[in-house]
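One file, coords-v2.cif, is given below (mmCIF, C-alpha atoms and all ligand atoms).
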data_upload
#
loop_
_atom_site.label_atom_id
_atom_site.label_comp_id
_atom_site.auth_asym_id
_atom_site.auth_seq_id
_atom_site.Cartn_x
_atom_site.Cartn_y
_atom_site.Cartn_z
CA MET A 1 39.11 -92.82 56.03
CA GLU A 2 37.88 -89.71 57.82
CA THR A 3 39.90 -88.28 60.70
CA VAL A 4 38.59 -87.41 64.16
CA VAL A 5 40.32 -85.17 66.71
CA SER A 6 39.19 -84.26 70.21
CA GLY A 7 40.62 -83.41 73.62
CA ILE A 8 39.70 -82.65 77.20
CA ARG A 9 41.54 -80.33 79.58
CA PRO A 10 43.08 -82.07 82.62
CA THR A 11 41.39 -79.99 85.28
CA GLY A 12 39.93 -82.77 87.44
CA ASN A 13 38.24 -86.16 87.19
CA LEU A 14 35.84 -86.99 84.39
CA HIS A 15 32.14 -86.71 85.24
CA LEU A 16 28.96 -88.03 83.64
CA GLY A 17 28.72 -84.84 81.53
CA ASN A 18 32.18 -85.44 80.04
CA TYR A 19 31.35 -89.09 79.45
CA PHE A 20 28.02 -88.69 77.69
CA GLY A 21 28.96 -85.37 76.04
CA ALA A 22 32.35 -86.42 74.66
CA VAL A 23 34.01 -89.69 75.73
CA LYS A 24 31.12 -91.89 74.59
CA SER A 25 31.61 -90.52 71.07
CA PHE A 26 35.35 -91.23 71.34
CA ILE A 27 34.63 -94.90 72.01
CA THR A 28 32.07 -95.21 69.24
CA MET A 29 34.12 -93.32 66.67
CA GLN A 30 37.37 -95.23 67.23
CA GLU A 31 35.69 -98.23 65.57
CA GLN A 32 35.36 -96.56 62.19
CA TYR A 33 37.57 -93.46 61.95
CA LYS A 34 41.21 -92.54 62.27
CA CYS A 35 41.06 -91.02 65.75
CA PHE A 36 43.34 -88.69 67.69
CA TYR A 37 42.31 -88.21 71.33
CA PHE A 38 44.46 -86.02 73.50
CA ILE A 39 44.75 -84.39 76.91
CA ALA A 40 44.76 -80.60 76.48
CA ASP A 41 47.32 -79.73 79.15
CA TRP A 42 48.49 -76.53 77.44
CA HIS A 43 44.90 -75.32 77.37
CA SER A 44 44.58 -75.90 81.09
CA LEU A 45 47.30 -73.27 81.68
CA THR A 46 44.98 -70.54 80.34
CA THR A 47 42.83 -70.73 83.46
CA HIS A 48 45.12 -72.55 85.87
CA PRO A 49 48.36 -70.56 85.65
CA HIS A 50 50.01 -72.52 88.45
CA PRO A 51 48.56 -75.95 88.00
CA ALA A 52 49.14 -78.02 91.07
CA ASN A 53 50.04 -81.55 90.01
CA LEU A 54 49.79 -80.99 86.27
CA ARG A 55 51.48 -84.32 85.68
CA GLN A 56 49.15 -86.14 88.06
CA ASN A 57 46.08 -84.55 86.45
CA VAL A 58 47.24 -85.69 83.03
CA ARG A 59 47.71 -89.25 84.35
CA THR A 60 44.23 -89.14 85.84
CA ILE A 61 42.56 -88.32 82.52
CA LEU A 62 44.73 -90.85 80.72
CA ALA A 63 43.69 -93.60 83.17
CA GLU A 64 40.06 -92.51 82.88
CA TYR A 65 40.12 -92.49 79.07
CA LEU A 66 41.41 -96.09 79.15
CA ALA A 67 38.92 -97.10 81.85
CA CYS A 68 36.06 -95.78 79.70
CA GLY A 69 37.22 -97.91 76.79
CA VAL A 70 39.28 -95.53 74.67
CA ASP A 71 41.58 -98.08 73.09
CA PRO A 72 45.24 -97.30 72.29
CA ASP A 73 45.19 -100.04 69.64
CA LYS A 74 42.37 -98.30 67.80
CA ALA A 75 42.95 -94.61 68.50
CA THR A 76 46.01 -92.43 68.97
CA ILE A 77 45.92 -91.26 72.61
CA TYR A 78 48.43 -88.55 73.50
CA VAL A 79 49.29 -85.60 75.67
CA GLN A 80 49.11 -82.24 73.85
CA SER A 81 52.38 -80.95 75.36
CA ASP A 82 54.27 -83.90 73.83
CA ILE A 83 53.66 -82.49 70.35
CA ARG A 84 55.88 -79.44 69.80
CA GLU A 85 54.51 -78.93 66.29
CA ILE A 86 51.22 -77.75 67.80
CA PRO A 87 52.64 -74.49 69.19
CA GLU A 88 54.42 -73.86 65.90
CA LEU A 89 51.14 -74.07 64.00
CA TYR A 90 49.49 -72.01 66.78
CA LEU A 91 52.07 -69.29 66.13
CA TYR A 92 51.32 -69.19 62.40
CA LEU A 93 47.56 -69.17 62.99
CA ASN A 94 47.93 -66.36 65.54
CA MET A 95 49.57 -64.19 62.88
CA ASN A 96 46.30 -64.32 60.96
CA ALA A 97 43.94 -64.13 63.93
CA TYR A 98 42.51 -60.71 64.72
CA ILE A 99 42.24 -59.37 68.25
CA GLY A 100 38.70 -58.14 67.54
CA GLU A 101 37.33 -61.54 66.59
CA LEU A 102 39.09 -63.23 69.52
CA GLU A 103 37.69 -60.67 71.94
CA ARG A 104 34.18 -61.38 70.71
CA VAL A 105 34.28 -65.09 71.68
CA THR A 106 31.63 -65.68 74.35
CA SER A 107 33.71 -68.03 76.50
CA PHE A 108 36.55 -65.44 76.52
CA LYS A 109 34.15 -62.73 77.67
CA GLU A 110 32.77 -65.11 80.28
CA LYS A 111 36.27 -65.90 81.62
CA VAL A 112 37.12 -62.19 81.74
CA ARG A 113 34.01 -61.58 83.82
CA GLN A 114 34.79 -64.47 86.15
CA ASN A 115 38.44 -63.68 86.59
CA PRO A 116 39.30 -60.08 85.63
CA ASN A 117 42.79 -60.36 87.15
CA ASN A 118 43.90 -63.15 84.84
CA VAL A 119 43.07 -61.97 81.32
CA ASN A 120 46.17 -63.44 79.73
CA ALA A 121 47.05 -63.68 76.04
CA GLY A 122 46.71 -67.47 76.19
CA LEU A 123 43.09 -67.09 77.20
CA LEU A 124 42.46 -64.72 74.29
CA THR A 125 44.10 -67.10 71.83
CA TYR A 126 42.47 -70.25 73.25
CA PRO A 127 40.56 -70.69 69.95
CA THR A 128 43.73 -70.52 67.83
CA LEU A 129 45.42 -73.20 69.95
CA MET A 130 42.30 -75.34 69.66
CA ALA A 131 42.24 -74.78 65.88
CA ALA A 132 45.90 -75.87 65.71
CA ASP A 133 45.05 -79.06 67.68
CA ILE A 134 42.35 -79.89 65.18
CA ILE A 135 43.72 -78.94 61.77
CA ILE A 136 47.21 -80.26 62.47
CA HIS A 137 45.76 -83.75 61.80
CA HIS A 138 43.37 -82.52 59.07
CA ALA A 139 40.35 -83.50 61.15
CA ASP A 140 37.02 -84.00 59.41
CA LYS A 141 35.01 -84.44 62.59
CA VAL A 142 35.39 -83.18 66.15
CA PRO A 143 33.21 -84.76 68.86
CA VAL A 144 32.53 -82.04 71.45
CA GLY A 145 29.60 -80.74 73.45
CA LYS A 146 27.41 -77.86 72.39
CA ASP A 147 29.42 -75.39 74.48
CA GLN A 148 32.34 -75.73 72.02
CA GLU A 149 30.41 -74.58 68.94
CA GLN A 150 31.93 -71.10 68.82
CA ASN A 151 35.48 -72.49 69.14
CA MET A 152 34.66 -74.85 66.27
CA GLU A 153 33.40 -71.94 64.19
CA MET A 154 36.72 -70.18 64.81
CA ALA A 155 38.68 -73.30 63.83
CA ARG A 156 36.85 -73.32 60.49
CA HIS A 157 37.56 -69.61 60.03
CA PHE A 158 41.27 -70.06 60.67
CA ALA A 159 41.52 -73.03 58.33
CA ARG A 160 39.72 -71.14 55.57
CA ARG A 161 41.75 -67.97 56.15
CA PHE A 162 45.04 -69.86 55.92
CA ASN A 163 43.95 -71.27 52.56
CA GLN A 164 42.90 -67.83 51.31
CA ILE A 165 46.01 -65.99 52.44
CA TYR A 166 48.43 -68.52 50.97
CA GLU A 167 46.20 -69.34 47.98
CA VAL A 168 46.12 -73.04 48.63
CA GLU A 169 43.47 -75.68 49.26
CA TYR A 170 45.36 -77.18 52.15
CA PHE A 171 43.36 -77.27 55.39
CA LYS A 172 39.89 -78.81 55.62
CA GLU A 173 37.14 -77.18 57.60
CA PRO A 174 36.40 -79.46 60.57
CA ALA A 175 32.80 -80.20 61.54
CA SER A 176 31.47 -80.62 65.08
CA PHE A 177 30.14 -84.08 65.66
CA SER A 178 27.49 -85.44 67.96
CA LEU A 179 26.30 -89.06 68.17
CA SER A 180 22.65 -88.05 68.27
CA ASP A 181 21.00 -85.38 66.08
CA LYS A 182 20.93 -83.14 69.10
CA ALA A 183 24.10 -82.33 71.05
CA VAL A 184 23.91 -84.04 74.45
CA LYS A 185 23.62 -81.83 77.49
CA VAL A 186 23.89 -83.72 80.76
CA PRO A 187 22.03 -81.67 83.39
CA GLY A 188 23.15 -81.01 86.94
CA LEU A 189 20.96 -82.10 89.83
CA ASP A 190 20.97 -78.77 91.62
CA GLY A 191 17.95 -77.42 89.82
CA THR A 192 19.22 -75.61 86.75
CA GLY A 193 22.00 -75.79 84.19
CA LYS A 194 24.43 -78.46 83.06
CA MET A 195 26.66 -80.78 85.00
CA GLY A 196 30.18 -79.35 85.27
CA LYS A 197 33.31 -79.39 87.39
CA SER A 198 33.25 -75.67 88.01
CA THR A 199 29.60 -75.64 89.07
CA GLY A 200 30.25 -78.16 91.87
CA ASN A 201 27.32 -80.35 90.83
CA ALA A 202 29.16 -83.15 89.05
CA ILE A 203 28.83 -86.88 89.59
CA TYR A 204 32.29 -88.24 88.81
CA LEU A 205 32.97 -91.60 87.18
CA ILE A 206 35.19 -92.35 90.16
CA ASP A 207 32.52 -91.61 92.81
CA ASP A 208 31.72 -94.60 95.02
CA GLU A 209 28.25 -95.94 95.68
CA SER A 210 27.56 -93.91 98.81
CA THR A 211 28.84 -90.68 97.24
CA ILE A 212 26.60 -91.20 94.21
CA LYS A 213 23.64 -91.90 96.44
CA LYS A 214 24.28 -88.82 98.55
CA LYS A 215 24.54 -86.59 95.46
CA VAL A 216 21.40 -88.00 93.85
CA MET A 217 19.30 -87.91 97.03
CA ARG A 218 20.17 -84.21 97.37
CA ALA A 219 18.71 -83.42 93.93
CA VAL A 220 16.22 -80.56 93.95
CA THR A 221 12.56 -81.67 93.71
CA ASP A 222 9.15 -80.14 94.42
CA GLN A 223 5.82 -81.15 95.96
CA GLY A 224 4.96 -83.29 92.95
CA PRO A 225 2.43 -82.72 90.15
CA THR A 226 -1.18 -82.01 90.98
CA THR A 227 -2.76 -82.44 87.54
CA PRO A 228 -2.16 -85.37 85.15
CA ASN A 229 0.41 -84.89 82.37
CA GLN A 230 1.67 -81.65 83.84
CA VAL A 231 4.74 -80.04 82.22
CA LYS A 232 7.82 -80.78 84.34
CA PRO A 233 9.60 -77.83 85.93
CA GLU A 234 13.35 -77.68 85.14
CA PRO A 235 14.71 -79.41 88.27
CA ILE A 236 12.34 -82.34 87.75
CA GLU A 237 12.97 -82.44 84.01
CA ASN A 238 16.69 -82.65 84.82
CA ILE A 239 16.26 -85.77 86.98
CA PHE A 240 14.24 -87.38 84.20
CA THR A 241 16.84 -86.41 81.58
CA LEU A 242 19.60 -88.00 83.63
CA MET A 243 17.49 -91.12 84.05
CA GLN A 244 16.90 -91.20 80.30
CA ILE A 245 20.66 -91.07 79.77
CA VAL A 246 21.77 -93.74 82.25
CA SER A 247 18.80 -96.01 82.98
CA ASP A 248 16.94 -98.61 81.00
CA PRO A 249 14.16 -97.09 78.81
CA SER A 250 11.56 -99.14 80.72
CA THR A 251 12.71 -97.59 84.02
CA TYR A 252 12.34 -94.12 82.55
CA GLU A 253 8.88 -94.95 81.24
CA TYR A 254 7.80 -96.40 84.57
CA PHE A 255 8.60 -93.19 86.45
CA ASN A 256 7.35 -90.98 83.65
CA ASP A 257 3.99 -92.75 83.77
CA LYS A 258 3.94 -92.34 87.55
CA TYR A 259 4.63 -88.62 87.10
CA ASN A 260 1.88 -88.24 84.54
CA ALA A 261 -0.56 -90.04 86.84
CA CYS A 262 0.48 -87.77 89.76
CA GLU A 263 1.70 -90.82 91.66
CA ILE A 264 5.42 -90.12 91.54
CA ARG A 265 7.49 -90.68 94.68
CA TYR A 266 10.70 -88.78 94.10
CA GLY A 267 12.47 -90.72 96.87
CA ASP A 268 11.89 -94.00 94.99
CA MET A 269 12.91 -92.44 91.71
CA LYS A 270 16.14 -91.07 93.17
CA LYS A 271 17.02 -94.43 94.73
CA GLN A 272 16.55 -96.09 91.37
CA LEU A 273 18.56 -93.40 89.58
CA ALA A 274 21.41 -93.69 92.12
CA ALA A 275 21.43 -97.47 91.68
CA ASP A 276 21.52 -97.14 87.88
CA ILE A 277 24.31 -94.55 87.95
CA ASN A 278 26.25 -96.81 90.29
CA ALA A 279 25.72 -99.82 88.01
CA PHE A 280 27.04 -97.75 85.11
CA CYS A 281 30.04 -96.35 87.01
CA ALA A 282 31.08 -99.45 88.99
CA PRO A 283 32.99 -101.28 86.23
CA ILE A 284 34.56 -98.02 85.01
CA ARG A 285 35.53 -97.19 88.60
CA GLU A 286 37.27 -100.54 88.98
CA ARG A 287 39.17 -100.03 85.77
CA ILE A 288 40.20 -96.50 86.81
CA GLU A 289 41.61 -98.04 89.97
CA TYR A 290 43.50 -100.56 87.89
CA TYR A 291 44.90 -98.15 85.30
CA SER A 292 45.78 -95.35 87.70
CA HIS A 293 48.06 -97.73 89.55
CA ASN A 294 49.69 -98.98 86.41
CA GLU A 295 52.24 -96.23 85.78
CA ALA A 296 54.23 -98.30 83.33
CA LEU A 297 51.22 -98.94 81.13
CA LEU A 298 50.16 -95.26 81.20
CA SER A 299 53.66 -94.16 80.15
CA GLN A 300 53.69 -96.74 77.40
CA VAL A 301 50.32 -95.57 76.05
CA ALA A 302 51.37 -91.89 76.16
CA GLU A 303 54.67 -92.68 74.45
CA LYS A 304 53.07 -94.71 71.68
CA GLY A 305 50.46 -91.98 71.14
CA ALA A 306 53.07 -89.23 71.10
CA THR A 307 55.07 -91.02 68.40
CA ALA A 308 52.06 -91.42 66.13
CA ALA A 309 50.70 -87.90 66.77
CA ARG A 310 54.15 -86.36 66.19
CA GLU A 311 54.48 -88.14 62.89
CA SER A 312 51.13 -86.81 61.70
CA ALA A 313 51.85 -83.30 63.02
CA ALA A 314 55.35 -83.18 61.55
CA ARG A 315 54.03 -83.98 58.07
CA THR A 316 51.61 -81.07 58.32
CA LEU A 317 54.25 -78.64 59.57
CA GLN A 318 56.61 -79.59 56.78
CA ASP A 319 53.88 -78.66 54.28
CA VAL A 320 52.92 -75.51 56.18
CA ARG A 321 56.49 -74.24 56.32
CA GLN A 322 56.80 -74.77 52.62
CA ILE A 323 53.46 -73.08 51.89
CA ILE A 324 54.36 -70.03 53.97
CA GLY A 325 57.76 -69.88 52.33
CA PHE A 326 60.31 -70.88 54.93
CA ARG A 327 63.44 -72.59 53.79
CA ARG A 328 63.07 -76.36 53.89
CA ASN A 329 65.55 -78.15 56.05
P1 LIG B 401 33.66 -79.02 82.67
O1 LIG B 401 32.42 -78.29 82.27
O2 LIG B 401 33.40 -80.03 83.72
O3 LIG B 401 34.83 -78.12 82.99
P2 LIG B 401 34.97 -79.39 80.16
O4 LIG B 401 34.58 -78.00 79.81
O5 LIG B 401 36.39 -79.69 80.45
O6 LIG B 401 34.08 -79.88 81.40
O7 LIG B 401 34.44 -80.34 79.00
C1 LIG B 401 35.11 -81.42 78.40
C2 LIG B 401 34.20 -82.05 77.36
O8 LIG B 401 33.02 -82.58 77.98
C3 LIG B 401 33.71 -81.08 76.28
O9 LIG B 401 33.64 -81.75 75.04
C4 LIG B 401 32.34 -80.69 76.77
O10 LIG B 401 31.50 -80.28 75.70
C5 LIG B 401 31.86 -81.98 77.42
N1 LIG B 401 30.91 -81.70 78.52
C6 LIG B 401 31.21 -81.17 79.73
N2 LIG B 401 30.11 -81.07 80.52
C7 LIG B 401 29.07 -81.55 79.78
C8 LIG B 401 27.66 -81.73 80.03
N3 LIG B 401 27.12 -81.42 81.18
N4 LIG B 401 26.91 -82.25 79.03
C9 LIG B 401 27.48 -82.60 77.85
N5 LIG B 401 28.78 -82.47 77.54
C10 LIG B 401 29.59 -81.95 78.48
N1 LIG B 402 38.12 -76.57 74.41
C1 LIG B 402 37.85 -77.96 74.73
C2 LIG B 402 37.04 -78.02 76.05
O1 LIG B 402 37.07 -77.11 76.84
C3 LIG B 402 39.11 -78.77 74.87
C4 LIG B 402 39.89 -78.81 73.59
C5 LIG B 402 41.10 -78.24 73.35
C6 LIG B 402 39.49 -79.47 72.38
N2 LIG B 402 41.50 -78.51 72.05
C7 LIG B 402 40.54 -79.26 71.45
C8 LIG B 402 38.38 -80.21 72.01
C9 LIG B 402 40.48 -79.76 70.13
C10 LIG B 402 38.33 -80.71 70.70
C11 LIG B 402 39.37 -80.49 69.78
O2 LIG B 402 36.41 -79.01 76.29
#
Could you write out this structure as structure tokens?
Amino acid sequence: METVVSGIRPTGNLHLGNYFGAVKSFITMQEQYKCFYFIADWHSLTTHPHPANLRQNVRTILAEYLACGVDPDKATIYVQSDIREIPELYLYLNMNAYIGELERVTSFKEKVRQNPNNVNAGLLTYPTLMAADIIIHHADKVPVGKDQEQNMEMARHFARRFNQIYEVEYFKEPASFSLSDKAVKVPGLDGTGKMGKSTGNAIYLIDDESTIKKKVMRAVTDQGPTTPNQVKPEPIENIFTLMQIVSDPSTYEYFNDKYNACEIRYGDMKKQLAADINAFCAPIRERIEYYSHNEALLSQVAEKGATAARESAARTLQDVRQIIGFRRN
């Protein structure tokens, strides 16, 4: 059976972008693959050096994973920092990772631009830690959004390089995975770009009905089309894309036809979109409420996941130590 590995950094609540870009794949894939889903708390230290409430943030994502339907009986759900073998593999991979190639990673350059006073070594070696996360379980497939493609490329490089240096065929090269042929990009409703925590335009799974409505009603629109079948400008296209993602296809078609006939009323469309987002989020929201208050269950899930993930990681490290030439103990 093929193996799947993926993780999300605990830097806030999950939003619709995280759900449709990553978590939805987690739920689908757990039915037919051996899945490892984790919370990347070490990775969050690269940009949040003094994380307030690290423990609470980890609990939040854990509760939200469960609320979305990630199932601890089907997948191994764990916290990255519970698996000490990961940093050991990270260390070995770093010995064969070159500063030049790490400095060329776009997201590194982006972070340096955004925060020139916090260019730490962890940030530079983010891709080696991510590679360790993935290859430690010999992942075949990694469900992530399009923005992770370069990190995935690096993970394949590091796996291949390890094999070449030690003249073995040990690590597989992991492939990025997307449910549809095209990687999903959930747009923001502020005109341009994708939905994200850092861009302040996210609709969170935990948002209540009035918050959702407020966010959707604020979405950027224009005067409306003046000629039939007019190409949609980006802000309008974004509202339609979100509707395509969360609403019934017939709802999307109804408003699309209205747009093409120059009869669209954005106010009506937004009300419908807000109602559909709320209908999607409401049951998840209730389950988040339930799980986030069930400390005992969360601990139990994390403990069970840690045991299984450690077992898998320890097997790999035993092999790796032997391959590199350390004494076996
Ligand atoms: P954020 O951008 O909110 O900080 P992360 O970078 O932590 O989110 O992303 C976690 C996961 O969710 C990744 O797999 C990423 O590709 C996916 N993801 C985040 N935002 C979106 C989006 N708008 N559309 C599709 N996938 C997304
Ligand atoms: N870099 C990923 C993100 O920002 C999080 C992550 C860390 C990850 N390690 C991973 C994703 C391993 C997939 C596999 O979203």
Give me, as JSON, numbers by chain, the set of residues whose atoms come within 9 Å of any atom of ligand LIG 401 (chain B), counting only C-alpha atoms and all ligand atoms. {"A": [6, 7, 8, 9, 10, 11, 12, 13, 14, 15, 16, 17, 18, 19, 20, 21, 22, 23, 143, 144, 145, 146, 147, 148, 149, 183, 184, 185, 186, 187, 188, 193, 194, 195, 196, 197, 198, 199, 200, 202]}
Show me, as lines of an AutoDock Vina configuration file, the centre and edge lengths in Å to one decimal of the axis-aligned box that covers every listed atom of ligand LIG 402 (chain B) with 8 Å on each side.
center_x = 39.0
center_y = -78.6
center_z = 73.3
size_x = 21.1
size_y = 20.1
size_z = 23.1
Pick from A:Tyr204, A:Tyr170, A:Tyr291, A:Tyr65 nearest to His138 (chain A), counting all atoms listed in the file: A:Tyr170
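Interatomic distance, CA of Asn256 (chain A) against CA of Leu273 (chain A): 12.9 Å.
In this comparison, which uses only C-alpha atoms, the residue of A:Leu189, A:Ile99, A:Val246, A:Leu297 approaching Gln272 (chain A) most closely is A:Val246.
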Quick one: residues within 10 Å of Lys109 (chain A), only C-alpha atoms counted, chain neighbours fewer than 6 positions away excluded, as an NGL selection string? :A and (102-103 or 115-116 or 119 or 123-124)
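Near Ala306 (chain A), within 12 Å and counting all atoms listed in the file, sit Phe36, Tyr37, Phe38, Ile39, Pro72, Ala75, Thr76, Ile77, Tyr78, Val79, Gln80, Ser81, Asp82, Ile83, Arg84, Glu85, Ser299, Gln300, Val301, Ala302, Arg310, Glu311, Ser312, Ala313 and Ala314 of chain A; same-chain residues fewer than 4 positions away were not included.
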Just write the chosen residues, C-alpha atoms, as a short mmCIF file (atom, residue, chain, number, x, y, z; two decimals), in the frame of the given file.
data_model
loop_
_atom_site.label_atom_id
_atom_site.label_comp_id
_atom_site.auth_asym_id
_atom_site.auth_seq_id
_atom_site.Cartn_x
_atom_site.Cartn_y
_atom_site.Cartn_z
CA PHE A 36 43.34 -88.69 67.69
CA TYR A 37 42.31 -88.21 71.33
CA PHE A 38 44.46 -86.02 73.50
CA ILE A 39 44.75 -84.39 76.91
CA PRO A 72 45.24 -97.30 72.29
CA ALA A 75 42.95 -94.61 68.50
CA THR A 76 46.01 -92.43 68.97
CA ILE A 77 45.92 -91.26 72.61
CA TYR A 78 48.43 -88.55 73.50
CA VAL A 79 49.29 -85.60 75.67
CA GLN A 80 49.11 -82.24 73.85
CA SER A 81 52.38 -80.95 75.36
CA ASP A 82 54.27 -83.90 73.83
CA ILE A 83 53.66 -82.49 70.35
CA ARG A 84 55.88 -79.44 69.80
CA GLU A 85 54.51 -78.93 66.29
CA SER A 299 53.66 -94.16 80.15
CA GLN A 300 53.69 -96.74 77.40
CA VAL A 301 50.32 -95.57 76.05
CA ALA A 302 51.37 -91.89 76.16
CA ARG A 310 54.15 -86.36 66.19
CA GLU A 311 54.48 -88.14 62.89
CA SER A 312 51.13 -86.81 61.70
CA ALA A 313 51.85 -83.30 63.02
CA ALA A 314 55.35 -83.18 61.55
#
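If you measure from each of A:Ala282, A:Leu129, A:Ala159, A:Ile236 to ligand LIG 402 (chain B) using all atoms listed in the file, the closest one turns out to be A:Leu129.
In this structure, CA of Thr226 (chain A) sits 24.7 Å away from CA of Pro249 (chain A).
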A:Glu101, A:Ile134, A:Thr106, A:Val112: which is nearest ligand LIG 402 (chain B), counting all atoms listed in the file? A:Ile134
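With distances taken over all atoms listed in the file, A:Ala63 is the one residue among A:Ile324, A:Ala63, A:Val142, A:Cys68 lying closest to Ser292 (chain A).
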Calculated over all atoms listed in the file, which of the candidates A:Lys232, A:His50, A:His293, A:Lys215 has the smallest distance to Ala275 (chain A)? A:Lys215
Please provide as an MDAnalysis selection string all residues within 8 Å of Leu93 (chain A), with the sequence filter that same-chain residues fewer than 5 positions apart are discarded (counting all atoms listed in the file). chainID A and resid 128 132 158 162
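CA of Ala97 (chain A) is positioned 29.0 Å from CA of Val58 (chain A).
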Written coordinates, N, CA, C and O atoms of region 258-269 of chain A as a PDB file, in the first residue's frame:
ATOM      1  N   LYS A 258     -26.664  34.444 -14.925  1.00  0.00           N
ATOM      2  CA  LYS A 258     -27.073  35.832 -14.642  1.00  0.00           C
ATOM      3  C   LYS A 258     -25.953  36.799 -15.050  1.00  0.00           C
ATOM      4  O   LYS A 258     -26.213  37.856 -15.615  1.00  0.00           O
ATOM      5  N   TYR A 259     -24.714  36.410 -14.729  1.00  0.00           N
ATOM      6  CA  TYR A 259     -23.575  37.277 -15.080  1.00  0.00           C
ATOM      7  C   TYR A 259     -23.490  37.422 -16.602  1.00  0.00           C
ATOM      8  O   TYR A 259     -23.386  38.531 -17.128  1.00  0.00           O
ATOM      9  N   ASN A 260     -23.571  36.301 -17.272  1.00  0.00           N
ATOM     10  CA  ASN A 260     -23.443  36.323 -18.733  1.00  0.00           C
ATOM     11  C   ASN A 260     -24.570  37.095 -19.405  1.00  0.00           C
ATOM     12  O   ASN A 260     -24.405  37.610 -20.507  1.00  0.00           O
ATOM     13  N   ALA A 261     -25.731  37.176 -18.728  1.00  0.00           N
ATOM     14  CA  ALA A 261     -26.860  37.916 -19.295  1.00  0.00           C
ATOM     15  C   ALA A 261     -26.877  39.364 -18.780  1.00  0.00           C
ATOM     16  O   ALA A 261     -27.851  40.095 -18.996  1.00  0.00           O
ATOM     17  N   CYS A 262     -25.819  39.750 -18.086  1.00  0.00           N
ATOM     18  CA  CYS A 262     -25.706  41.102 -17.488  1.00  0.00           C
ATOM     19  C   CYS A 262     -26.843  41.397 -16.509  1.00  0.00           C
ATOM     20  O   CYS A 262     -27.295  42.538 -16.390  1.00  0.00           O
ATOM     21  N   GLU A 263     -27.315  40.351 -15.842  1.00  0.00           N
ATOM     22  CA  GLU A 263     -28.405  40.563 -14.876  1.00  0.00           C
ATOM     23  C   GLU A 263     -27.979  40.235 -13.450  1.00  0.00           C
ATOM     24  O   GLU A 263     -28.804  40.061 -12.564  1.00  0.00           O
ATOM     25  N   ILE A 264     -26.671  40.120 -13.247  1.00  0.00           N
ATOM     26  CA  ILE A 264     -26.182  39.700 -11.934  1.00  0.00           C
ATOM     27  C   ILE A 264     -26.434  40.778 -10.876  1.00  0.00           C
ATOM     28  O   ILE A 264     -26.270  41.959 -11.140  1.00  0.00           O
ATOM     29  N   ARG A 265     -26.888  40.299  -9.690  1.00  0.00           N
ATOM     30  CA  ARG A 265     -26.970  41.217  -8.538  1.00  0.00           C
ATOM     31  C   ARG A 265     -26.018  40.652  -7.500  1.00  0.00           C
ATOM     32  O   ARG A 265     -26.291  39.639  -6.873  1.00  0.00           O
ATOM     33  N   TYR A 266     -24.869  41.330  -7.372  1.00  0.00           N
ATOM     34  CA  TYR A 266     -23.813  40.794  -6.510  1.00  0.00           C
ATOM     35  C   TYR A 266     -24.295  40.602  -5.077  1.00  0.00           C
ATOM     36  O   TYR A 266     -23.865  39.683  -4.391  1.00  0.00           O
ATOM     37  N   GLY A 267     -25.191  41.481  -4.618  1.00  0.00           N
ATOM     38  CA  GLY A 267     -25.713  41.363  -3.251  1.00  0.00           C
ATOM     39  C   GLY A 267     -26.390  40.013  -3.048  1.00  0.00           C
ATOM     40  O   GLY A 267     -26.141  39.329  -2.049  1.00  0.00           O
ATOM     41  N   ASP A 268     -27.204  39.606  -4.026  1.00  0.00           N
ATOM     42  CA  ASP A 268     -27.892  38.303  -3.935  1.00  0.00           C
ATOM     43  C   ASP A 268     -26.882  37.168  -3.975  1.00  0.00           C
ATOM     44  O   ASP A 268     -26.986  36.186  -3.242  1.00  0.00           O
ATOM     45  N   MET A 269     -25.903  37.325  -4.863  1.00  0.00           N
ATOM     46  CA  MET A 269     -24.902  36.261  -5.005  1.00  0.00           C
ATOM     47  C   MET A 269     -24.115  36.085  -3.710  1.00  0.00           C
ATOM     48  O   MET A 269     -23.868  34.969  -3.245  1.00  0.00           O
TER      49      MET A 269
END
